[in-house]
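Colleague: Data: upload_16.cif, mmCIF, N, CA and C atoms, pLDDT in the B column; chains and numbers go by the auth columns.
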```cif
data_target
loop_
_atom_site.group_PDB
_atom_site.id
_atom_site.type_symbol
_atom_site.label_atom_id
_atom_site.label_comp_id
_atom_site.label_asym_id
_atom_site.label_seq_id
_atom_site.Cartn_x
_atom_site.Cartn_y
_atom_site.Cartn_z
_atom_site.B_iso_or_equiv
_atom_site.auth_seq_id
_atom_site.auth_asym_id
ATOM 1 N N MET A 1 171.011 -15.172 207.254 73.00 64 A
ATOM 2 C CA MET A 1 171.532 -13.956 207.843 73.00 64 A
ATOM 3 C C MET A 1 172.399 -13.181 206.844 73.00 64 A
ATOM 4 N N GLU A 2 173.031 -13.867 205.918 92.00 65 A
ATOM 5 C CA GLU A 2 173.877 -13.197 204.936 92.00 65 A
ATOM 6 C C GLU A 2 173.053 -12.255 204.057 92.00 65 A
ATOM 7 N N ARG A 3 171.841 -12.645 203.740 90.00 66 A
ATOM 8 C CA ARG A 3 170.984 -11.824 202.890 90.00 66 A
ATOM 9 C C ARG A 3 170.638 -10.511 203.590 90.00 66 A
ATOM 10 N N LEU A 4 170.321 -10.564 204.856 90.00 67 A
ATOM 11 C CA LEU A 4 170.017 -9.353 205.612 90.00 67 A
ATOM 12 C C LEU A 4 171.230 -8.435 205.683 90.00 67 A
ATOM 13 N N GLU A 5 172.400 -8.999 205.914 93.00 68 A
ATOM 14 C CA GLU A 5 173.619 -8.189 205.962 93.00 68 A
ATOM 15 C C GLU A 5 173.883 -7.529 204.617 93.00 68 A
ATOM 16 N N ALA A 6 173.661 -8.253 203.532 93.00 69 A
ATOM 17 C CA ALA A 6 173.853 -7.697 202.193 93.00 69 A
ATOM 18 C C ALA A 6 172.870 -6.554 201.950 93.00 69 A
ATOM 19 N N PHE A 7 171.620 -6.736 202.373 91.00 70 A
ATOM 20 C CA PHE A 7 170.621 -5.674 202.227 91.00 70 A
ATOM 21 C C PHE A 7 171.051 -4.439 203.002 91.00 70 A
ATOM 22 N N GLU A 8 171.482 -4.615 204.229 92.00 71 A
ATOM 23 C CA GLU A 8 171.892 -3.477 205.058 92.00 71 A
ATOM 24 C C GLU A 8 173.070 -2.733 204.433 92.00 71 A
ATOM 25 N N LYS A 9 174.021 -3.469 203.879 94.00 72 A
ATOM 26 C CA LYS A 9 175.170 -2.832 203.227 94.00 72 A
ATOM 27 C C LYS A 9 174.730 -2.065 201.988 94.00 72 A
ATOM 28 N N MET A 10 173.827 -2.661 201.207 94.00 73 A
ATOM 29 C CA MET A 10 173.331 -2.004 200.010 94.00 73 A
ATOM 30 C C MET A 10 172.584 -0.726 200.371 94.00 73 A
ATOM 31 N N LEU A 11 171.718 -0.804 201.367 93.00 74 A
ATOM 32 C CA LEU A 11 170.957 0.359 201.803 93.00 74 A
ATOM 33 C C LEU A 11 171.890 1.467 202.281 93.00 74 A
ATOM 34 N N GLU A 12 172.888 1.103 203.064 94.00 75 A
ATOM 35 C CA GLU A 12 173.859 2.084 203.558 94.00 75 A
ATOM 36 C C GLU A 12 174.572 2.774 202.402 94.00 75 A
ATOM 37 N N GLU A 13 174.966 2.008 201.398 96.00 76 A
ATOM 38 C CA GLU A 13 175.653 2.592 200.246 96.00 76 A
ATOM 39 C C GLU A 13 174.733 3.516 199.453 96.00 76 A
ATOM 40 N N ILE A 14 173.490 3.134 199.279 96.00 77 A
ATOM 41 C CA ILE A 14 172.541 3.977 198.547 96.00 77 A
ATOM 42 C C ILE A 14 172.350 5.309 199.268 96.00 77 A
ATOM 43 N N VAL A 15 172.148 5.259 200.560 94.00 78 A
ATOM 44 C CA VAL A 15 171.946 6.492 201.340 94.00 78 A
ATOM 45 C C VAL A 15 173.209 7.350 201.300 94.00 78 A
ATOM 46 N N ARG A 16 174.369 6.725 201.442 96.00 79 A
ATOM 47 C CA ARG A 16 175.632 7.471 201.417 96.00 79 A
ATOM 48 C C ARG A 16 175.828 8.146 200.064 96.00 79 A
ATOM 49 N N GLN A 17 175.606 7.407 198.989 97.00 80 A
ATOM 50 C CA GLN A 17 175.793 7.955 197.653 97.00 80 A
ATOM 51 C C GLN A 17 174.762 9.038 197.351 97.00 80 A
ATOM 52 N N TYR A 18 173.529 8.840 197.789 95.00 81 A
ATOM 53 C CA TYR A 18 172.462 9.829 197.607 95.00 81 A
ATOM 54 C C TYR A 18 172.872 11.155 198.243 95.00 81 A
ATOM 55 N N ASN A 19 173.370 11.096 199.461 96.00 82 A
ATOM 56 C CA ASN A 19 173.794 12.308 200.174 96.00 82 A
ATOM 57 C C ASN A 19 175.039 12.932 199.552 96.00 82 A
ATOM 58 N N PHE A 20 175.990 12.097 199.134 97.00 83 A
ATOM 59 C CA PHE A 20 177.219 12.586 198.500 97.00 83 A
ATOM 60 C C PHE A 20 176.885 13.362 197.228 97.00 83 A
ATOM 61 N N GLU A 21 176.013 12.779 196.412 97.00 84 A
ATOM 62 C CA GLU A 21 175.682 13.425 195.155 97.00 84 A
ATOM 63 C C GLU A 21 174.888 14.711 195.376 97.00 84 A
ATOM 64 N N LYS A 22 174.091 14.759 196.421 97.00 85 A
ATOM 65 C CA LYS A 22 173.386 15.996 196.773 97.00 85 A
ATOM 66 C C LYS A 22 174.386 17.101 197.097 97.00 85 A
ATOM 67 N N GLU A 23 175.410 16.770 197.863 98.00 86 A
ATOM 68 C CA GLU A 23 176.442 17.747 198.207 98.00 86 A
ATOM 69 C C GLU A 23 177.166 18.243 196.960 98.00 86 A
ATOM 70 N N LYS A 24 177.518 17.320 196.071 98.00 87 A
ATOM 71 C CA LYS A 24 178.213 17.697 194.840 98.00 87 A
ATOM 72 C C LYS A 24 177.318 18.571 193.962 98.00 87 A
ATOM 73 N N MET A 25 176.029 18.231 193.899 98.00 88 A
ATOM 74 C CA MET A 25 175.096 19.044 193.114 98.00 88 A
ATOM 75 C C MET A 25 174.993 20.453 193.691 98.00 88 A
ATOM 76 N N ASP A 26 174.955 20.556 195.008 98.00 89 A
ATOM 77 C CA ASP A 26 174.901 21.874 195.652 98.00 89 A
ATOM 78 C C ASP A 26 176.144 22.698 195.307 98.00 89 A
ATOM 79 N N GLU A 27 177.312 22.042 195.301 98.00 90 A
ATOM 80 C CA GLU A 27 178.551 22.735 194.951 98.00 90 A
ATOM 81 C C GLU A 27 178.510 23.221 193.502 98.00 90 A
ATOM 82 N N LEU A 28 178.085 22.335 192.601 98.00 91 A
ATOM 83 C CA LEU A 28 178.011 22.713 191.193 98.00 91 A
ATOM 84 C C LEU A 28 177.001 23.832 190.974 98.00 91 A
ATOM 85 N N LYS A 29 175.884 23.758 191.680 98.00 92 A
ATOM 86 C CA LYS A 29 174.861 24.795 191.549 98.00 92 A
ATOM 87 C C LYS A 29 175.405 26.141 192.021 98.00 92 A
ATOM 88 N N ALA A 30 176.151 26.135 193.118 98.00 93 A
ATOM 89 C CA ALA A 30 176.737 27.371 193.632 98.00 93 A
ATOM 90 C C ALA A 30 177.717 27.980 192.630 98.00 93 A
ATOM 91 N N GLU A 31 178.306 27.128 191.795 98.00 94 A
ATOM 92 C CA GLU A 31 179.243 27.591 190.771 98.00 94 A
ATOM 93 C C GLU A 31 178.536 27.921 189.456 98.00 94 A
ATOM 94 N N GLY A 32 177.219 27.769 189.425 97.00 95 A
ATOM 95 C CA GLY A 32 176.459 28.061 188.217 97.00 95 A
ATOM 96 C C GLY A 32 176.595 26.998 187.142 97.00 95 A
ATOM 97 N N LYS A 33 176.840 25.772 187.550 98.00 96 A
ATOM 98 C CA LYS A 33 177.088 24.688 186.592 98.00 96 A
ATOM 99 C C LYS A 33 175.953 23.667 186.559 98.00 96 A
ATOM 100 N N GLU A 34 174.715 24.163 186.614 96.00 97 A
ATOM 101 C CA GLU A 34 173.571 23.252 186.603 96.00 97 A
ATOM 102 C C GLU A 34 173.348 22.585 185.250 96.00 97 A
ATOM 103 N N LYS A 35 173.919 23.094 184.202 97.00 98 A
ATOM 104 C CA LYS A 35 173.691 22.538 182.869 97.00 98 A
ATOM 105 C C LYS A 35 174.810 21.596 182.420 97.00 98 A
ATOM 106 N N THR A 36 175.743 21.305 183.311 98.00 99 A
ATOM 107 C CA THR A 36 176.849 20.419 182.941 98.00 99 A
ATOM 108 C C THR A 36 176.401 18.964 182.921 98.00 99 A
ATOM 109 N N ALA A 37 177.158 18.157 182.196 98.00 100 A
ATOM 110 C CA ALA A 37 176.865 16.720 182.129 98.00 100 A
ATOM 111 C C ALA A 37 177.008 16.079 183.506 98.00 100 A
ATOM 112 N N THR A 38 177.975 16.528 184.272 97.00 101 A
ATOM 113 C CA THR A 38 178.189 15.974 185.611 97.00 101 A
ATOM 114 C C THR A 38 176.986 16.236 186.502 97.00 101 A
ATOM 115 N N TYR A 39 176.493 17.451 186.497 98.00 102 A
ATOM 116 C CA TYR A 39 175.329 17.800 187.305 98.00 102 A
ATOM 117 C C TYR A 39 174.129 16.958 186.891 98.00 102 A
ATOM 118 N N ARG A 40 173.930 16.827 185.608 98.00 103 A
ATOM 119 C CA ARG A 40 172.790 16.054 185.102 98.00 103 A
ATOM 120 C C ARG A 40 172.927 14.568 185.430 98.00 103 A
ATOM 121 N N GLN A 41 174.145 14.068 185.412 98.00 104 A
ATOM 122 C CA GLN A 41 174.361 12.665 185.792 98.00 104 A
ATOM 123 C C GLN A 41 174.031 12.462 187.269 98.00 104 A
ATOM 124 N N TYR A 42 174.493 13.372 188.110 97.00 105 A
ATOM 125 C CA TYR A 42 174.147 13.297 189.531 97.00 105 A
ATOM 126 C C TYR A 42 172.641 13.348 189.732 97.00 105 A
ATOM 127 N N MET A 43 171.965 14.203 188.987 97.00 106 A
ATOM 128 C CA MET A 43 170.514 14.321 189.106 97.00 106 A
ATOM 129 C C MET A 43 169.845 12.996 188.721 97.00 106 A
ATOM 130 N N GLY A 44 170.269 12.405 187.628 97.00 107 A
ATOM 131 C CA GLY A 44 169.711 11.122 187.209 97.00 107 A
ATOM 132 C C GLY A 44 169.946 10.040 188.240 97.00 107 A
ATOM 133 N N ASN A 45 171.147 9.995 188.770 97.00 108 A
ATOM 134 C CA ASN A 45 171.475 9.003 189.805 97.00 108 A
ATOM 135 C C ASN A 45 170.606 9.203 191.036 97.00 108 A
ATOM 136 N N ARG A 46 170.431 10.448 191.432 96.00 109 A
ATOM 137 C CA ARG A 46 169.633 10.725 192.629 96.00 109 A
ATOM 138 C C ARG A 46 168.176 10.335 192.429 96.00 109 A
ATOM 139 N N LEU A 47 167.670 10.484 191.228 96.00 110 A
ATOM 140 C CA LEU A 47 166.300 10.053 190.945 96.00 110 A
ATOM 141 C C LEU A 47 166.161 8.540 191.119 96.00 110 A
ATOM 142 N N VAL A 48 167.152 7.797 190.658 97.00 111 A
ATOM 143 C CA VAL A 48 167.140 6.335 190.815 97.00 111 A
ATOM 144 C C VAL A 48 167.215 5.974 192.294 97.00 111 A
ATOM 145 N N TYR A 49 168.146 6.587 193.022 96.00 112 A
ATOM 146 C CA TYR A 49 168.283 6.298 194.452 96.00 112 A
ATOM 147 C C TYR A 49 167.013 6.667 195.207 96.00 112 A
ATOM 148 N N ASN A 50 166.410 7.791 194.847 96.00 113 A
ATOM 149 C CA ASN A 50 165.185 8.220 195.506 96.00 113 A
ATOM 150 C C ASN A 50 164.073 7.202 195.278 96.00 113 A
ATOM 151 N N ARG A 51 163.982 6.692 194.073 97.00 114 A
ATOM 152 C CA ARG A 51 162.964 5.686 193.766 97.00 114 A
ATOM 153 C C ARG A 51 163.197 4.417 194.583 97.00 114 A
ATOM 154 N N MET A 52 164.442 3.999 194.679 95.00 115 A
ATOM 155 C CA MET A 52 164.759 2.809 195.462 95.00 115 A
ATOM 156 C C MET A 52 164.378 3.015 196.929 95.00 115 A
ATOM 157 N N LEU A 53 164.725 4.155 197.470 95.00 116 A
ATOM 158 C CA LEU A 53 164.409 4.436 198.871 95.00 116 A
ATOM 159 C C LEU A 53 162.904 4.516 199.094 95.00 116 A
ATOM 160 N N SER A 54 162.173 5.055 198.111 96.00 117 A
ATOM 161 C CA SER A 54 160.722 5.121 198.272 96.00 117 A
ATOM 162 C C SER A 54 160.099 3.724 198.248 96.00 117 A
ATOM 163 N N LEU A 55 160.653 2.824 197.477 95.00 118 A
ATOM 164 C CA LEU A 55 160.161 1.439 197.487 95.00 118 A
ATOM 165 C C LEU A 55 160.445 0.768 198.829 95.00 118 A
ATOM 166 N N TYR A 56 161.604 1.035 199.380 93.00 119 A
ATOM 167 C CA TYR A 56 161.932 0.468 200.699 93.00 119 A
ATOM 168 C C TYR A 56 160.951 0.983 201.753 93.00 119 A
ATOM 169 N N ARG A 57 160.606 2.263 201.651 94.00 120 A
ATOM 170 C CA ARG A 57 159.624 2.825 202.592 94.00 120 A
ATOM 171 C C ARG A 57 158.240 2.201 202.370 94.00 120 A
ATOM 172 N N LYS A 58 157.866 2.035 201.126 96.00 121 A
ATOM 173 C CA LYS A 58 156.564 1.472 200.786 96.00 121 A
ATOM 174 C C LYS A 58 156.380 0.084 201.407 96.00 121 A
ATOM 175 N N TYR A 59 157.411 -0.715 201.368 92.00 122 A
ATOM 176 C CA TYR A 59 157.344 -2.063 201.904 92.00 122 A
ATOM 177 C C TYR A 59 157.813 -2.146 203.362 92.00 122 A
ATOM 178 N N GLU A 60 157.924 -0.964 203.977 91.00 123 A
ATOM 179 C CA GLU A 60 158.265 -0.839 205.389 91.00 123 A
ATOM 180 C C GLU A 60 159.590 -1.516 205.751 91.00 123 A
ATOM 181 N N LEU A 61 160.536 -1.431 204.833 87.00 124 A
ATOM 182 C CA LEU A 61 161.861 -1.941 205.114 87.00 124 A
ATOM 183 C C LEU A 61 162.730 -0.874 205.779 87.00 124 A
ATOM 184 N N ILE A 62 162.339 0.388 205.571 88.00 125 A
ATOM 185 C CA ILE A 62 162.962 1.509 206.277 88.00 125 A
ATOM 186 C C ILE A 62 161.865 2.488 206.636 88.00 125 A
ATOM 187 N N GLU A 63 162.177 3.431 207.518 84.00 126 A
ATOM 188 C CA GLU A 63 161.185 4.443 207.930 84.00 126 A
ATOM 189 C C GLU A 63 161.234 5.634 207.035 84.00 126 A
#
```
Starting from the file, give its structure as structure tokens.

Modeller:
Amino acid sequence: MERLEAFEKMLEEIVRQYNFEKEKMDELKAEGKEKTATYRQYMGNRLVYNRMLSLYRKYELIE
């Protein structure tokens, strides 16, 4: 049961961080700061999170 709880916590954190970084990217974009290192770091992170979430969907671990 500990493994399932750890998975659920990890998934929750990935989704939370994915959404947080999207909000920050939107703010930076509104300020015209799409070329900043911070924006690019958020973009890279979101690509990783998106890939992880797509694998979870592929294996039917999430909808």

Colleague: Using the chain letters and numbers from this document, which residues of stretch 87-123 of chain A does DSSP assign to alpha helix (DSSP H), as a PyMOL selection string?

Modeller: chain A and resi 87-93+100-121

Colleague: Write the residues of the selection above to a file with N, CA and C atoms, as a short mmCIF file (atom, residue, chain, number, x, y, z; two decimals), in the coordinates of the input.

Modeller:
```cif
data_model
loop_
_atom_site.label_atom_id
_atom_site.label_comp_id
_atom_site.auth_asym_id
_atom_site.auth_seq_id
_atom_site.Cartn_x
_atom_site.Cartn_y
_atom_site.Cartn_z
N LYS A 87 177.52 17.32 196.07
CA LYS A 87 178.21 17.70 194.84
C LYS A 87 177.32 18.57 193.96
N MET A 88 176.03 18.23 193.90
CA MET A 88 175.10 19.04 193.11
C MET A 88 174.99 20.45 193.69
N ASP A 89 174.96 20.56 195.01
CA ASP A 89 174.90 21.87 195.65
C ASP A 89 176.14 22.70 195.31
N GLU A 90 177.31 22.04 195.30
CA GLU A 90 178.55 22.74 194.95
C GLU A 90 178.51 23.22 193.50
N LEU A 91 178.08 22.34 192.60
CA LEU A 91 178.01 22.71 191.19
C LEU A 91 177.00 23.83 190.97
N LYS A 92 175.88 23.76 191.68
CA LYS A 92 174.86 24.80 191.55
C LYS A 92 175.40 26.14 192.02
N ALA A 93 176.15 26.14 193.12
CA ALA A 93 176.74 27.37 193.63
C ALA A 93 177.72 27.98 192.63
N ALA A 100 177.16 18.16 182.20
CA ALA A 100 176.86 16.72 182.13
C ALA A 100 177.01 16.08 183.51
N THR A 101 177.98 16.53 184.27
CA THR A 101 178.19 15.97 185.61
C THR A 101 176.99 16.24 186.50
N TYR A 102 176.49 17.45 186.50
CA TYR A 102 175.33 17.80 187.30
C TYR A 102 174.13 16.96 186.89
N ARG A 103 173.93 16.83 185.61
CA ARG A 103 172.79 16.05 185.10
C ARG A 103 172.93 14.57 185.43
N GLN A 104 174.14 14.07 185.41
CA GLN A 104 174.36 12.66 185.79
C GLN A 104 174.03 12.46 187.27
N TYR A 105 174.49 13.37 188.11
CA TYR A 105 174.15 13.30 189.53
C TYR A 105 172.64 13.35 189.73
N MET A 106 171.96 14.20 188.99
CA MET A 106 170.51 14.32 189.11
C MET A 106 169.84 13.00 188.72
N GLY A 107 170.27 12.40 187.63
CA GLY A 107 169.71 11.12 187.21
C GLY A 107 169.95 10.04 188.24
N ASN A 108 171.15 9.99 188.77
CA ASN A 108 171.48 9.00 189.80
C ASN A 108 170.61 9.20 191.04
N ARG A 109 170.43 10.45 191.43
CA ARG A 109 169.63 10.72 192.63
C ARG A 109 168.18 10.34 192.43
N LEU A 110 167.67 10.48 191.23
CA LEU A 110 166.30 10.05 190.94
C LEU A 110 166.16 8.54 191.12
N VAL A 111 167.15 7.80 190.66
CA VAL A 111 167.14 6.34 190.82
C VAL A 111 167.22 5.97 192.29
N TYR A 112 168.15 6.59 193.02
CA TYR A 112 168.28 6.30 194.45
C TYR A 112 167.01 6.67 195.21
N ASN A 113 166.41 7.79 194.85
CA ASN A 113 165.18 8.22 195.51
C ASN A 113 164.07 7.20 195.28
N ARG A 114 163.98 6.69 194.07
CA ARG A 114 162.96 5.69 193.77
C ARG A 114 163.20 4.42 194.58
N MET A 115 164.44 4.00 194.68
CA MET A 115 164.76 2.81 195.46
C MET A 115 164.38 3.02 196.93
N LEU A 116 164.72 4.16 197.47
CA LEU A 116 164.41 4.44 198.87
C LEU A 116 162.90 4.52 199.09
N SER A 117 162.17 5.06 198.11
CA SER A 117 160.72 5.12 198.27
C SER A 117 160.10 3.72 198.25
N LEU A 118 160.65 2.82 197.48
CA LEU A 118 160.16 1.44 197.49
C LEU A 118 160.44 0.77 198.83
N TYR A 119 161.60 1.03 199.38
CA TYR A 119 161.93 0.47 200.70
C TYR A 119 160.95 0.98 201.75
N ARG A 120 160.61 2.26 201.65
CA ARG A 120 159.62 2.82 202.59
C ARG A 120 158.24 2.20 202.37
N LYS A 121 157.87 2.04 201.13
CA LYS A 121 156.56 1.47 200.79
C LYS A 121 156.38 0.08 201.41
#
```

Colleague: Exactly which residues make up the result of the PyMOL selection byres (((chain A and resi 106 and name CA) around 12) and name CA) on this file, given as an MDAnalysis selection string?

Modeller: chainID A and resid 80:89 91:92 97:105 107:113

Colleague: Using Å and a single decimal, report how far atom C of A:Glu94 sits from atom C of A:Ile77.

Modeller: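 Distance between the two atoms: 25.4 Å.
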
Colleague: Quick one, how far is atom C of A:Met73 from atom N of A:Glu90?

Modeller: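 According to the coordinates, atom C of A:Met73 and atom N of A:Glu90 are separated by 23.8 Å.
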
Colleague: Could you tell me how far atom C of A:Glu123 sits from atom N of A:Glu68, in Å to one decimal place?

Modeller: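 Between these atoms lies a distance of 14.8 Å.
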
Colleague: Work out where the centre of an axis-aligned box around every listed atom of stretch 81-100 of chain A lies and how long its edges are once 5 Å is added on each side; give both in Å to one decimal as lines of an AutoDock Vina configuration file.

Modeller:
```
center_x = 175.9
center_y = 18.5
center_z = 191.2
size_x = 16.8
size_y = 29.2
size_z = 28.0
```
